[in-house]
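Printed here is protein_30.pdb (PDB, C-alpha atoms (C1' of nucleotides)):
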ATOM      1  CA  MET A  24     -11.955  39.902  15.140
ATOM      2  CA  THR A  25      -9.933  42.794  13.791
ATOM      3  CA  GLU A  26      -9.230  42.811  10.096
ATOM      4  CA  GLU A  27      -5.686  41.679  10.819
ATOM      5  CA  GLU A  28      -6.746  38.823  13.088
ATOM      6  CA  LYS A  29      -9.208  37.728  10.453
ATOM      7  CA  LYS A  30      -6.593  37.707   7.717
ATOM      8  CA  ARG A  31      -4.097  35.842   9.885
ATOM      9  CA  SER A  32      -6.675  33.217  10.849
ATOM     10  CA  GLU A  33      -7.669  32.727   7.225
ATOM     11  CA  THR A  34      -4.071  32.231   6.157
ATOM     12  CA  ARG A  35      -3.527  29.671   8.877
ATOM     13  CA  ALA A  36      -6.774  27.872   8.134
ATOM     14  CA  ARG A  37      -5.938  27.653   4.440
ATOM     15  CA  ILE A  38      -2.779  25.674   5.233
ATOM     16  CA  LEU A  39      -4.463  23.431   7.767
ATOM     17  CA  LYS A  40      -7.317  22.762   5.367
ATOM     18  CA  ALA A  41      -4.863  21.646   2.708
ATOM     19  CA  LEU A  42      -3.663  18.978   5.113
ATOM     20  CA  ALA A  43      -7.047  18.013   6.531
ATOM     21  CA  HIS A  44      -7.929  15.094   4.295
ATOM     22  CA  PRO A  45      -7.102  11.413   4.792
ATOM     23  CA  THR A  46      -5.522  11.027   1.375
ATOM     24  CA  ARG A  47      -3.453  14.177   1.692
ATOM     25  CA  ILE A  48      -2.132  13.421   5.164
ATOM     26  CA  PHE A  49      -1.238   9.966   3.863
ATOM     27  CA  ILE A  50       0.644  11.517   0.970
ATOM     28  CA  VAL A  51       2.628  13.687   3.370
ATOM     29  CA  GLU A  52       3.477  10.650   5.453
ATOM     30  CA  LYS A  53       4.722   8.819   2.359
ATOM     31  CA  LEU A  54       6.705  11.763   1.021
ATOM     32  CA  ASN A  55       8.664  11.791   4.242
ATOM     33  CA  GLU A  56      10.388   8.574   3.096
ATOM     34  CA  LYS A  57      11.260   9.758  -0.389
ATOM     35  CA  SER A  58       9.957  11.468  -3.491
ATOM     36  CA  TYR A  59       7.128   9.757  -5.319
ATOM     37  CA  CYS A  60       5.644  10.386  -8.734
ATOM     38  CA  VAL A  61       1.912  10.677  -9.294
ATOM     39  CA  CYS A  62       1.497   7.186 -10.690
ATOM     40  CA  GLU A  63       3.326   5.619  -7.742
ATOM     41  CA  LEU A  64       1.145   7.502  -5.273
ATOM     42  CA  THR A  65      -1.926   6.589  -7.269
ATOM     43  CA  ALA A  66      -1.038   2.923  -6.909
ATOM     44  CA  LEU A  67      -0.379   3.297  -3.165
ATOM     45  CA  ILE A  68      -3.628   5.149  -2.576
ATOM     46  CA  GLY A  69      -5.929   3.284  -4.890
ATOM     47  CA  ALA A  70      -7.917   6.144  -6.373
ATOM     48  CA  ASP A  71      -8.270   7.722  -9.789
ATOM     49  CA  THR A  72      -5.115   9.414 -11.128
ATOM     50  CA  SER A  73      -6.999  12.667 -11.528
ATOM     51  CA  THR A  74      -8.113  12.534  -7.922
ATOM     52  CA  VAL A  75      -4.559  12.056  -6.680
ATOM     53  CA  SER A  76      -3.291  14.747  -8.997
ATOM     54  CA  LYS A  77      -5.824  17.173  -7.566
ATOM     55  CA  HIS A  78      -4.885  16.326  -3.996
ATOM     56  CA  LEU A  79      -1.264  16.991  -4.888
ATOM     57  CA  SER A  80      -2.118  20.339  -6.379
ATOM     58  CA  VAL A  81      -3.939  21.294  -3.179
ATOM     59  CA  LEU A  82      -0.794  20.469  -1.203
ATOM     60  CA  LYS A  83       1.363  22.310  -3.693
ATOM     61  CA  ASN A  84      -0.777  25.449  -3.633
ATOM     62  CA  ALA A  85      -0.461  25.520   0.138
ATOM     63  CA  GLY A  86       3.313  25.330  -0.194
ATOM     64  CA  LEU A  87       3.488  21.968   1.540
ATOM     65  CA  VAL A  88       5.058  20.030  -1.329
ATOM     66  CA  ILE A  89       7.148  20.834  -4.376
ATOM     67  CA  ASP A  90       7.209  19.063  -7.722
ATOM     68  CA  GLU A  91       9.889  18.240 -10.229
ATOM     69  CA  LYS A  92       9.411  16.905 -13.706
ATOM     70  CA  LYS A  93      11.510  13.939 -14.881
ATOM     71  CA  GLY A  94      10.563  12.859 -18.351
ATOM     72  CA  THR A  95       6.843  12.288 -18.386
ATOM     73  CA  ALA A  96       6.739  11.686 -14.647
ATOM     74  CA  VAL A  97       6.284  14.372 -12.020
ATOM     75  CA  TYR A  98       7.959  13.719  -8.698
ATOM     76  CA  TYR A  99       6.641  15.287  -5.531
ATOM     77  CA  SER A 100       8.465  15.832  -2.255
ATOM     78  CA  LEU A 101       7.923  17.716   0.992
ATOM     79  CA  ALA A 102       8.624  21.427   0.701
ATOM     80  CA  CYS A 103      10.145  21.316   4.168
ATOM     81  CA  ASN A 104      10.726  18.687   6.831
ATOM     82  CA  CYS A 105       8.658  20.896   9.109
ATOM     83  CA  VAL A 106       5.537  19.713   7.281
ATOM     84  CA  LEU A 107       5.964  16.405   9.052
ATOM     85  CA  ASP A 108       5.661  18.161  12.405
ATOM     86  CA  PHE A 109       1.912  18.376  11.884
ATOM     87  CA  ILE A 110       1.704  14.619  12.136
ATOM     88  CA  GLY A 111       3.662  14.776  15.382
ATOM     89  CA  CYS A 112       1.200  17.337  16.758
ATOM     90  CA  VAL A 113      -1.781  15.245  15.716
ATOM     91  CA  GLU A 114      -0.354  12.143  17.295
ATOM     92  CA  THR A 115       0.269  13.989  20.547
ATOM     93  CA  VAL A 116      -3.342  15.158  20.609
ATOM     94  CA  ILE A 117      -4.582  11.645  19.905
ATOM     95  CA  ARG A 118      -2.412  10.240  22.712
ATOM     96  CA  LYS A 119      -3.606  12.898  25.150
ATOM     97  CA  ASN A 120      -7.213  12.200  24.215
ATOM     98  CA  ILE A 121      -6.771   8.529  24.985
ATOM     99  CA  GLU A 122      -5.132   9.333  28.320
ATOM    100  CA  ARG A 123      -8.026  11.630  29.174
ATOM    101  CA  ASP A 124     -10.564   8.959  28.232
ATOM    102  CA  ILE A 125      -8.822   6.408  30.425
ATOM    103  CA  ARG A 126      -8.664   8.820  33.343
ATOM    104  CA  PHE A 127     -12.378   9.467  32.890
ATOM    105  CA  LEU A 128     -13.247   5.778  32.881
ATOM    106  CA  LYS A 129     -11.372   5.314  36.150
ATOM    107  CA  THR A 130     -13.683   7.755  37.964
TER     108      THR A 130
ATOM    109  CA  MET B 264      -3.630   2.073   1.405
ATOM    110  CA  THR B 265      -4.031  -0.809   3.777
ATOM    111  CA  GLU B 266      -7.063  -0.792   6.011
ATOM    112  CA  GLU B 267      -4.883   0.281   8.907
ATOM    113  CA  GLU B 268      -3.249   3.125   7.000
ATOM    114  CA  LYS B 269      -6.676   4.286   5.921
ATOM    115  CA  LYS B 270      -8.015   4.296   9.461
ATOM    116  CA  ARG B 271      -4.956   6.117  10.796
ATOM    117  CA  SER B 272      -5.160   8.752   8.082
ATOM    118  CA  GLU B 273      -8.852   9.283   8.747
ATOM    119  CA  THR B 274      -8.255   9.745  12.462
ATOM    120  CA  ARG B 275      -5.532  12.267  11.798
ATOM    121  CA  ALA B 276      -7.571  14.118   9.203
ATOM    122  CA  ARG B 277     -10.546  14.363  11.561
ATOM    123  CA  ILE B 278      -8.451  16.280  14.079
ATOM    124  CA  LEU B 279      -6.848  18.532  11.490
ATOM    125  CA  LYS B 280     -10.241  19.262   9.964
ATOM    126  CA  ALA B 281     -11.554  20.372  13.338
ATOM    127  CA  LEU B 282      -8.835  23.003  13.389
ATOM    128  CA  ALA B 283      -9.023  23.993   9.738
ATOM    129  CA  HIS B 284     -11.378  26.954   9.919
ATOM    130  CA  PRO B 285     -10.504  30.626  10.478
ATOM    131  CA  THR B 286     -12.903  31.015  13.384
ATOM    132  CA  ARG B 287     -11.773  27.835  15.088
ATOM    133  CA  ILE B 288      -8.065  28.541  14.798
ATOM    134  CA  PHE B 289      -8.794  31.998  16.194
ATOM    135  CA  ILE B 290     -10.619  30.442  19.136
ATOM    136  CA  VAL B 291      -7.634  28.222  19.879
ATOM    137  CA  GLU B 292      -5.352  31.237  19.769
ATOM    138  CA  LYS B 293      -7.587  33.065  22.249
ATOM    139  CA  LEU B 294      -7.991  30.124  24.591
ATOM    140  CA  ASN B 295      -4.244  30.021  24.980
ATOM    141  CA  GLU B 296      -4.483  33.227  27.051
ATOM    142  CA  LYS B 297      -7.258  32.044  29.332
ATOM    143  CA  SER B 298     -10.669  30.387  29.477
ATOM    144  CA  TYR B 299     -13.513  32.147  27.705
ATOM    145  CA  CYS B 300     -17.239  31.554  27.830
ATOM    146  CA  VAL B 301     -19.341  31.327  24.674
ATOM    147  CA  CYS B 302     -20.725  34.836  24.949
ATOM    148  CA  GLU B 303     -17.264  36.351  25.352
ATOM    149  CA  LEU B 304     -15.989  34.485  22.315
ATOM    150  CA  THR B 305     -19.091  35.462  20.397
ATOM    151  CA  ALA B 306     -18.331  39.130  21.088
ATOM    152  CA  LEU B 307     -14.685  38.696  20.070
ATOM    153  CA  ILE B 308     -15.551  36.896  16.864
ATOM    154  CA  GLY B 309     -18.605  38.818  15.782
ATOM    155  CA  ALA B 310     -20.841  35.994  14.584
ATOM    156  CA  ASP B 311     -24.086  34.463  15.764
ATOM    157  CA  THR B 312     -23.954  32.741  19.159
ATOM    158  CA  SER B 313     -25.196  29.518  17.635
ATOM    159  CA  THR B 314     -22.432  29.629  15.063
ATOM    160  CA  VAL B 315     -19.761  30.042  17.722
ATOM    161  CA  SER B 316     -21.340  27.338  19.850
ATOM    162  CA  LYS B 317     -21.184  24.935  16.933
ATOM    163  CA  HIS B 318     -17.549  25.740  16.241
ATOM    164  CA  LEU B 319     -16.796  25.042  19.889
ATOM    165  CA  SER B 320     -18.557  21.715  19.727
ATOM    166  CA  VAL B 321     -16.469  20.762  16.699
ATOM    167  CA  LEU B 322     -13.322  21.528  18.689
ATOM    168  CA  LYS B 323     -14.655  19.672  21.692
ATOM    169  CA  ASN B 324     -15.581  16.569  19.710
ATOM    170  CA  ALA B 325     -12.042  16.454  18.385
ATOM    171  CA  GLY B 326     -10.709  16.592  21.933
ATOM    172  CA  LEU B 327      -9.016  19.939  21.370
ATOM    173  CA  VAL B 328     -10.897  21.872  24.034
ATOM    174  CA  ILE B 329     -12.756  21.069  27.223
ATOM    175  CA  ASP B 330     -15.720  22.859  28.747
ATOM    176  CA  GLU B 331     -16.805  23.660  32.262
ATOM    177  CA  LYS B 332     -20.154  25.011  33.326
ATOM    178  CA  LYS B 333     -20.263  27.944  35.757
ATOM    179  CA  GLY B 334     -23.799  29.031  36.412
ATOM    180  CA  THR B 335     -25.448  29.604  33.089
ATOM    181  CA  ALA B 336     -22.167  30.229  31.341
ATOM    182  CA  VAL B 337     -19.969  27.547  29.776
ATOM    183  CA  TYR B 338     -16.237  28.198  29.872
ATOM    184  CA  TYR B 339     -13.964  26.620  27.317
ATOM    185  CA  SER B 340     -10.233  26.041  27.553
ATOM    186  CA  LEU B 341      -7.556  24.138  25.639
ATOM    187  CA  ALA B 342      -7.570  20.430  26.360
ATOM    188  CA  CYS B 343      -3.783  20.488  26.246
ATOM    189  CA  ASN B 344      -1.086  23.074  25.646
ATOM    190  CA  CYS B 345       0.036  20.885  22.782
ATOM    191  CA  VAL B 346      -2.932  22.126  20.765
ATOM    192  CA  LEU B 347      -1.116  25.416  20.395
ATOM    193  CA  ASP B 348       1.769  23.628  18.671
ATOM    194  CA  PHE B 349      -0.337  23.463  15.511
ATOM    195  CA  ILE B 350      -0.149  27.229  15.256
ATOM    196  CA  GLY B 351       3.632  27.008  15.631
ATOM    197  CA  CYS B 352       3.766  24.475  12.775
ATOM    198  CA  VAL B 353       1.578  26.613  10.555
ATOM    199  CA  GLU B 354       3.659  29.696  11.191
ATOM    200  CA  THR B 355       6.824  27.800  10.331
ATOM    201  CA  VAL B 356       5.319  26.685   7.038
ATOM    202  CA  ILE B 357       4.197  30.229   6.262
ATOM    203  CA  ARG B 358       7.673  31.559   7.023
ATOM    204  CA  LYS B 359       9.332  28.914   4.859
ATOM    205  CA  ASN B 360       6.932  29.676   2.029
ATOM    206  CA  ILE B 361       7.866  33.339   2.147
ATOM    207  CA  GLU B 362      11.576  32.477   2.185
ATOM    208  CA  ARG B 363      11.062  30.238  -0.836
ATOM    209  CA  ASP B 364       9.167  32.956  -2.673
ATOM    210  CA  ILE B 365      11.929  35.469  -2.001
ATOM    211  CA  ARG B 366      14.587  33.035  -3.169
ATOM    212  CA  PHE B 367      12.573  32.462  -6.335
ATOM    213  CA  LEU B 368      12.237  36.174  -7.033
ATOM    214  CA  LYS B 369      15.983  36.603  -6.753
ATOM    215  CA  THR B 370      16.637  34.196  -9.636
TER     216      THR B 370
ATOM    217  C1'  DT C 231     -43.163  31.291  40.193
ATOM    218  C1'  DG C 232     -42.088  34.132  36.180
ATOM    219  C1'  DG C 233     -38.625  36.402  33.763
ATOM    220  C1'  DT C 234     -33.917  36.888  32.135
ATOM    221  C1'  DT C 235     -29.513  35.417  30.431
ATOM    222  C1'  DA C 236     -26.531  31.837  28.370
ATOM    223  C1'  DT C 237     -26.111  27.982  25.476
ATOM    224  C1'  DT C 238     -27.391  24.216  22.524
ATOM    225  C1'  DT C 239     -30.059  22.061  18.860
ATOM    226  C1'  DG C 240     -32.914  21.606  14.583
ATOM    227  C1'  DG C 241     -33.972  23.401  10.139
ATOM    228  C1'  DT C 242     -32.597  25.343   5.794
ATOM    229  C1'  DA C 243     -30.211  27.480   2.019
ATOM    230  C1'  DA C 244     -25.765  28.582   0.054
ATOM    231  C1'  DA C 245     -21.070  27.475  -0.693
ATOM    232  C1'  DA C 246     -17.132  24.497  -0.742
ATOM    233  C1'  DT C 247     -15.144  19.687  -1.396
ATOM    234  C1'  DA C 248     -14.401  15.336  -3.385
ATOM    235  C1'  DG C 249     -14.395  11.809  -6.761
ATOM    236  C1'  DC C 250     -14.905   9.940 -11.251
ATOM    237  C1'  DC C 251     -14.927  10.225 -16.310
ATOM    238  C1'  DA C 252     -13.521  12.270 -20.525
ATOM    239  C1'  DA C 253     -10.629  15.284 -23.016
ATOM    240  C1'  DC C 254      -6.318  17.422 -23.512
ATOM    241  C1'  DA C 255      -1.055  18.183 -23.109
ATOM    242  C1'  DA C 256       3.597  16.711 -22.856
ATOM    243  C1'  DT C 257       7.213  13.589 -23.261
ATOM    244  C1'  DA C 258       9.238   9.225 -24.599
ATOM    245  C1'  DA C 259       9.507   5.131 -27.454
ATOM    246  C1'  DA C 260       8.710   2.386 -31.601
TER     247       DA C 260
ATOM    248  C1'  DT D  21       5.412  10.250 -37.378
ATOM    249  C1'  DT D  22       2.588   7.333 -34.852
ATOM    250  C1'  DT D  23       1.797   5.254 -30.452
ATOM    251  C1'  DA D  24       2.148   4.801 -25.458
ATOM    252  C1'  DT D  25       2.676   6.618 -20.974
ATOM    253  C1'  DT D  26       2.047  10.130 -17.446
ATOM    254  C1'  DG D  27      -0.302  14.154 -15.618
ATOM    255  C1'  DT D  28      -3.429  17.953 -15.566
ATOM    256  C1'  DT D  29      -7.848  20.168 -16.356
ATOM    257  C1'  DG D  30     -12.916  20.719 -17.115
ATOM    258  C1'  DG D  31     -17.452  18.997 -16.258
ATOM    259  C1'  DC D  32     -20.731  16.836 -13.482
ATOM    260  C1'  DT D  33     -22.920  14.896  -9.312
ATOM    261  C1'  DA D  34     -22.993  13.816  -4.554
ATOM    262  C1'  DT D  35     -21.639  14.967  -0.061
ATOM    263  C1'  DT D  36     -20.139  17.997   3.521
ATOM    264  C1'  DT D  37     -19.643  22.343   5.683
ATOM    265  C1'  DT D  38     -21.157  26.701   7.142
ATOM    266  C1'  DA D  39     -24.074  30.416   8.773
ATOM    267  C1'  DC D  40     -28.166  32.268  10.279
ATOM    268  C1'  DC D  41     -32.797  32.021  12.382
ATOM    269  C1'  DA D  42     -36.021  30.090  15.491
ATOM    270  C1'  DA D  43     -37.100  27.046  19.135
ATOM    271  C1'  DA D  44     -35.780  24.390  23.130
ATOM    272  C1'  DT D  45     -33.043  23.869  27.456
ATOM    273  C1'  DA D  46     -30.713  25.244  31.666
ATOM    274  C1'  DA D  47     -29.604  28.040  35.602
ATOM    275  C1'  DC D  48     -30.013  32.088  38.002
ATOM    276  C1'  DC D  49     -32.663  36.140  40.057
ATOM    277  C1'  DA D  50     -36.571  39.129  41.506
TER     278       DA D  50
END
Would it be possible to restate this file's structure as structure tokens?
Amino acid sequence: MTEEEKKRSETRARILKALAHPTRIFIVEKLNEKSYCVCELTALIGADTSTVSKHLSVLKNAGLVIDEKKGTAVYYSLACNCVLDFIGCVETVIRKNIERDIRFLKT
Amino acid sequence: MTEEEKKRSETRARILKALAHPTRIFIVEKLNEKSYCVCELTALIGADTSTVSKHLSVLKNAGLVIDEKKGTAVYYSLACNCVLDFIGCVETVIRKNIERDIRFLKT
DNA sequence: TGGTTATTTGGTAAAATAGCCAACAATAAA
DNA sequence: TTTATTGTTGGCTATTTTACCAAATAACCA
């Protein structure tokens, strides 16, 4: 790997890693509907507030979500609709995997 | 999270996690050109053979690549062109992040 | 057969992640 | 001002991930 290839791969991996957690991919799915504040997401997820807050900061640092303060609440939303495309990609892969498995079983 | 939402998020995260490593995203990028055997990839990456082999098995277990034995060599290729779409998504996010940063600096 | 090359697997130590609790900060309400 | 409510941060432990080495496996060749 050249130095440039290495840097590019690290940048890409950093973004993918931010998304690669069940709770965080769930958050992204939810934020596609509308903005949610931390306490609402905490209720939906069923984990400690601090845990959810940390997941949100991981997403924010990767530039996947943005936050906006309203009173004491902090509302999060997708930084770009394109973030949702990852879920589309994942679902395609899952579907293709199933198709491949079926084809294999038929042999 | 309902039990179903949890399971779906875990499935999705498992696939994203398989991709979320600099070396593995680099491998996917390379495999888009053509099939490569482990020793070729090892030379390109510059890590231990066993390390590269393990990265490949992570990708394979996620259904992102397939392998084919030819003599003593094992050739890997993308399981589906759709795997490359992840890189497209990541690049879009990176581009949008830069645009956002520029817009912010202008204020 | 014996040796060589290619790959995978097991072991291990170091580093990164994740989750909870407690403490702190900020804003709103009484 | 005191009291709640909402979020973030630091500290700690447990788990997972990663990389290398060494050993085992597989297929080819002399």
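The space separating CA of Asp364 (chain B) from CA of Lys77 (chain A) comes to 22.3 Å.
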In Å, with one decimal, what is the gap from CA of Thr95 (chain A) to CA of Tyr59 (chain A)?
13.3 Å
Spatial neighbours of Asn324 (chain B), max dist 12 Å, all atoms listed in the file, sep filter under 4 positions, as a list of chain:residue names
A:Asn120, B:Arg277, B:Ile278, B:Lys280, B:Ala281, B:Leu282, B:Lys317, B:His318, B:Leu319, B:Ser320, B:Val328, B:Ile329, B:Asp330, B:Ala342
Those residues with C-alpha atoms, as a compact mmCIF listing (two decimals), in the coordinates of the input please?
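Output below, filename out_7.txt:
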# COMPACT_ATOMS: atom_id res chain seq x y z
CA ASN A 120 -7.21 12.20 24.22
CA ARG B 277 -10.55 14.36 11.56
CA ILE B 278 -8.45 16.28 14.08
CA LYS B 280 -10.24 19.26 9.96
CA ALA B 281 -11.55 20.37 13.34
CA LEU B 282 -8.84 23.00 13.39
CA LYS B 317 -21.18 24.94 16.93
CA HIS B 318 -17.55 25.74 16.24
CA LEU B 319 -16.80 25.04 19.89
CA SER B 320 -18.56 21.72 19.73
CA VAL B 328 -10.90 21.87 24.03
CA ILE B 329 -12.76 21.07 27.22
CA ASP B 330 -15.72 22.86 28.75
CA ALA B 342 -7.57 20.43 26.36
Just fit chain B onto chain A on all the Cα atoms, in order, by least squares, and give it as a compact mmCIF listing (two decimals) with C-alpha atoms, keeping the file's coordinate frame.
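selection.txt, written as the output of this step:
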# COMPACT_ATOMS: atom_id res chain seq x y z
CA MET B 264 -11.94 39.96 15.14
CA THR B 265 -9.93 42.82 13.78
CA GLU B 266 -9.22 42.82 10.08
CA GLU B 267 -5.68 41.69 10.79
CA GLU B 268 -6.74 38.84 13.07
CA LYS B 269 -9.21 37.74 10.43
CA LYS B 270 -6.59 37.71 7.70
CA ARG B 271 -4.09 35.84 9.87
CA SER B 272 -6.67 33.23 10.83
CA GLU B 273 -7.66 32.74 7.21
CA THR B 274 -4.06 32.24 6.15
CA ARG B 275 -3.53 29.68 8.87
CA ALA B 276 -6.77 27.89 8.13
CA ARG B 277 -5.93 27.66 4.43
CA ILE B 278 -2.78 25.69 5.22
CA LEU B 279 -4.46 23.44 7.77
CA LYS B 280 -7.31 22.77 5.36
CA ALA B 281 -4.85 21.64 2.71
CA LEU B 282 -3.67 18.98 5.12
CA ALA B 283 -7.06 18.03 6.52
CA HIS B 284 -7.95 15.09 4.29
CA PRO B 285 -7.12 11.41 4.82
CA THR B 286 -5.54 11.02 1.40
CA ARG B 287 -3.47 14.17 1.71
CA ILE B 288 -2.14 13.42 5.17
CA PHE B 289 -1.25 9.96 3.89
CA ILE B 290 0.64 11.51 0.98
CA VAL B 291 2.63 13.68 3.37
CA GLU B 292 3.47 10.64 5.46
CA LYS B 293 4.72 8.81 2.36
CA LEU B 294 6.70 11.74 1.01
CA ASN B 295 8.67 11.79 4.22
CA GLU B 296 10.39 8.56 3.09
CA LYS B 297 11.27 9.76 -0.39
CA SER B 298 9.96 11.46 -3.52
CA TYR B 299 7.11 9.75 -5.33
CA CYS B 300 5.62 10.39 -8.74
CA VAL B 301 1.87 10.68 -9.28
CA CYS B 302 1.47 7.19 -10.67
CA GLU B 303 3.31 5.62 -7.73
CA LEU B 304 1.14 7.50 -5.26
CA THR B 305 -1.94 6.58 -7.24
CA ALA B 306 -1.04 2.90 -6.88
CA LEU B 307 -0.38 3.30 -3.15
CA ILE B 308 -3.62 5.14 -2.54
CA GLY B 309 -5.94 3.27 -4.84
CA ALA B 310 -7.95 6.13 -6.32
CA ASP B 311 -8.26 7.69 -9.75
CA THR B 312 -5.11 9.38 -11.08
CA SER B 313 -6.97 12.63 -11.52
CA THR B 314 -8.11 12.51 -7.92
CA VAL B 315 -4.56 12.04 -6.65
CA SER B 316 -3.28 14.74 -8.98
CA LYS B 317 -5.81 17.17 -7.56
CA HIS B 318 -4.88 16.33 -3.99
CA LEU B 319 -1.26 16.98 -4.87
CA SER B 320 -2.11 20.33 -6.37
CA VAL B 321 -3.93 21.28 -3.17
CA LEU B 322 -0.79 20.46 -1.20
CA LYS B 323 1.37 22.30 -3.68
CA ASN B 324 -0.77 25.44 -3.64
CA ALA B 325 -0.44 25.52 0.13
CA GLY B 326 3.33 25.33 -0.20
CA LEU B 327 3.50 21.96 1.55
CA VAL B 328 5.07 20.03 -1.31
CA ILE B 329 7.16 20.83 -4.36
CA ASP B 330 7.23 19.06 -7.70
CA GLU B 331 9.92 18.24 -10.20
CA LYS B 332 9.42 16.92 -13.69
CA LYS B 333 11.53 13.96 -14.86
CA GLY B 334 10.58 12.92 -18.34
CA THR B 335 6.86 12.40 -18.40
CA ALA B 336 6.69 11.75 -14.69
CA VAL B 337 6.26 14.42 -12.02
CA TYR B 338 7.95 13.72 -8.69
CA TYR B 339 6.64 15.29 -5.53
CA SER B 340 8.47 15.82 -2.26
CA LEU B 341 7.92 17.71 0.99
CA ALA B 342 8.62 21.41 0.70
CA CYS B 343 10.15 21.30 4.16
CA ASN B 344 10.73 18.69 6.84
CA CYS B 345 8.66 20.89 9.10
CA VAL B 346 5.54 19.71 7.28
CA LEU B 347 5.94 16.40 9.05
CA ASP B 348 5.66 18.16 12.41
CA PHE B 349 1.90 18.39 11.88
CA ILE B 350 1.70 14.62 12.13
CA GLY B 351 3.67 14.79 15.38
CA CYS B 352 1.18 17.35 16.75
CA VAL B 353 -1.79 15.26 15.72
CA GLU B 354 -0.37 12.15 17.30
CA THR B 355 0.25 14.01 20.54
CA VAL B 356 -3.36 15.18 20.61
CA ILE B 357 -4.59 11.65 19.90
CA ARG B 358 -2.43 10.27 22.70
CA LYS B 359 -3.63 12.92 25.15
CA ASN B 360 -7.22 12.21 24.20
CA ILE B 361 -6.77 8.54 24.96
CA GLU B 362 -5.12 9.35 28.30
CA ARG B 363 -8.04 11.63 29.15
CA ASP B 364 -10.55 8.95 28.21
CA ILE B 365 -8.79 6.40 30.40
CA ARG B 366 -8.67 8.81 33.32
CA PHE B 367 -12.38 9.44 32.87
CA LEU B 368 -13.21 5.74 32.84
CA LYS B 369 -11.35 5.26 36.10
CA THR B 370 -13.64 7.68 37.95
List the residues sitting within 10 Å of (-2.6, 34.3, 9.3) in the file's frame, using all atoms listed in the file, as a ChimeraX atom specification.
/A:27-38 /B:285,288-289,350,353-354,357
Could you list, as an mmCIF file with C-alpha atoms (C1' of nucleotides), in the coordinates of the input, every residue matched by the PyMOL selection byres ((chain D) within 9 of (chain A)) in this structure?
data_model
loop_
_atom_site.group_PDB
_atom_site.id
_atom_site.type_symbol
_atom_site.label_atom_id
_atom_site.label_comp_id
_atom_site.auth_asym_id
_atom_site.auth_seq_id
_atom_site.Cartn_x
_atom_site.Cartn_y
_atom_site.Cartn_z
ATOM 1 C "C1'" DT D 25 2.676 6.618 -20.974
ATOM 2 C "C1'" DT D 26 2.047 10.130 -17.446
ATOM 3 C "C1'" DG D 27 -0.302 14.154 -15.618
ATOM 4 C "C1'" DT D 28 -3.429 17.953 -15.566
ATOM 5 C "C1'" DT D 29 -7.848 20.168 -16.356
#
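For the file at hand, the PyMOL selection byres ((chain C) within 8 of (chain B)) resolves to DT235, DA236, DT237 and DT238 of chain C.
Minimum distance to chain B across A:Leu101, A:Ile68, A:Val51, A:Val75 (counting all atoms listed in the file) occurs at A:Ile68.
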Please provide the set of residues having any atom within 8 Å of Asn55 (chain A), restricted to only C-alpha atoms (C1' of nucleotides), with same-chain residues fewer than 5 positions apart removed, written as a ChimeraX atom specification.
/A:100-101,104,107
Generate a file of the selected residues that holds C-alpha atoms, formatted as a short mmCIF file (atom, residue, chain, number, x, y, z; two decimals), in the coordinates of the input.
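Writing done, so here's again_6.cif:
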data_model
loop_
_atom_site.label_atom_id
_atom_site.label_comp_id
_atom_site.auth_asym_id
_atom_site.auth_seq_id
_atom_site.Cartn_x
_atom_site.Cartn_y
_atom_site.Cartn_z
CA SER A 100 8.46 15.83 -2.26
CA LEU A 101 7.92 17.72 0.99
CA ASN A 104 10.73 18.69 6.83
CA LEU A 107 5.96 16.40 9.05
#
Starting from the PyMOL selection byres ((chain C and resi 245-254) around 7), expand the selection into actual residues of this file and give them as number ranges by chain.
A: 74; C: 244, 255
Writer output for current selection, C-alpha atoms (C1' of nucleotides), as a PDB file, in the frame of the given file:
ATOM      1  CA  THR A  74      -8.113  12.534  -7.922  1.00  0.00           C
TER       2      THR A  74
ATOM      3  C1'  DA C 244     -25.765  28.582   0.054  1.00  0.00           C
ATOM      4  C1'  DA C 255      -1.055  18.183 -23.109  1.00  0.00           C
TER       5       DA C 255
END
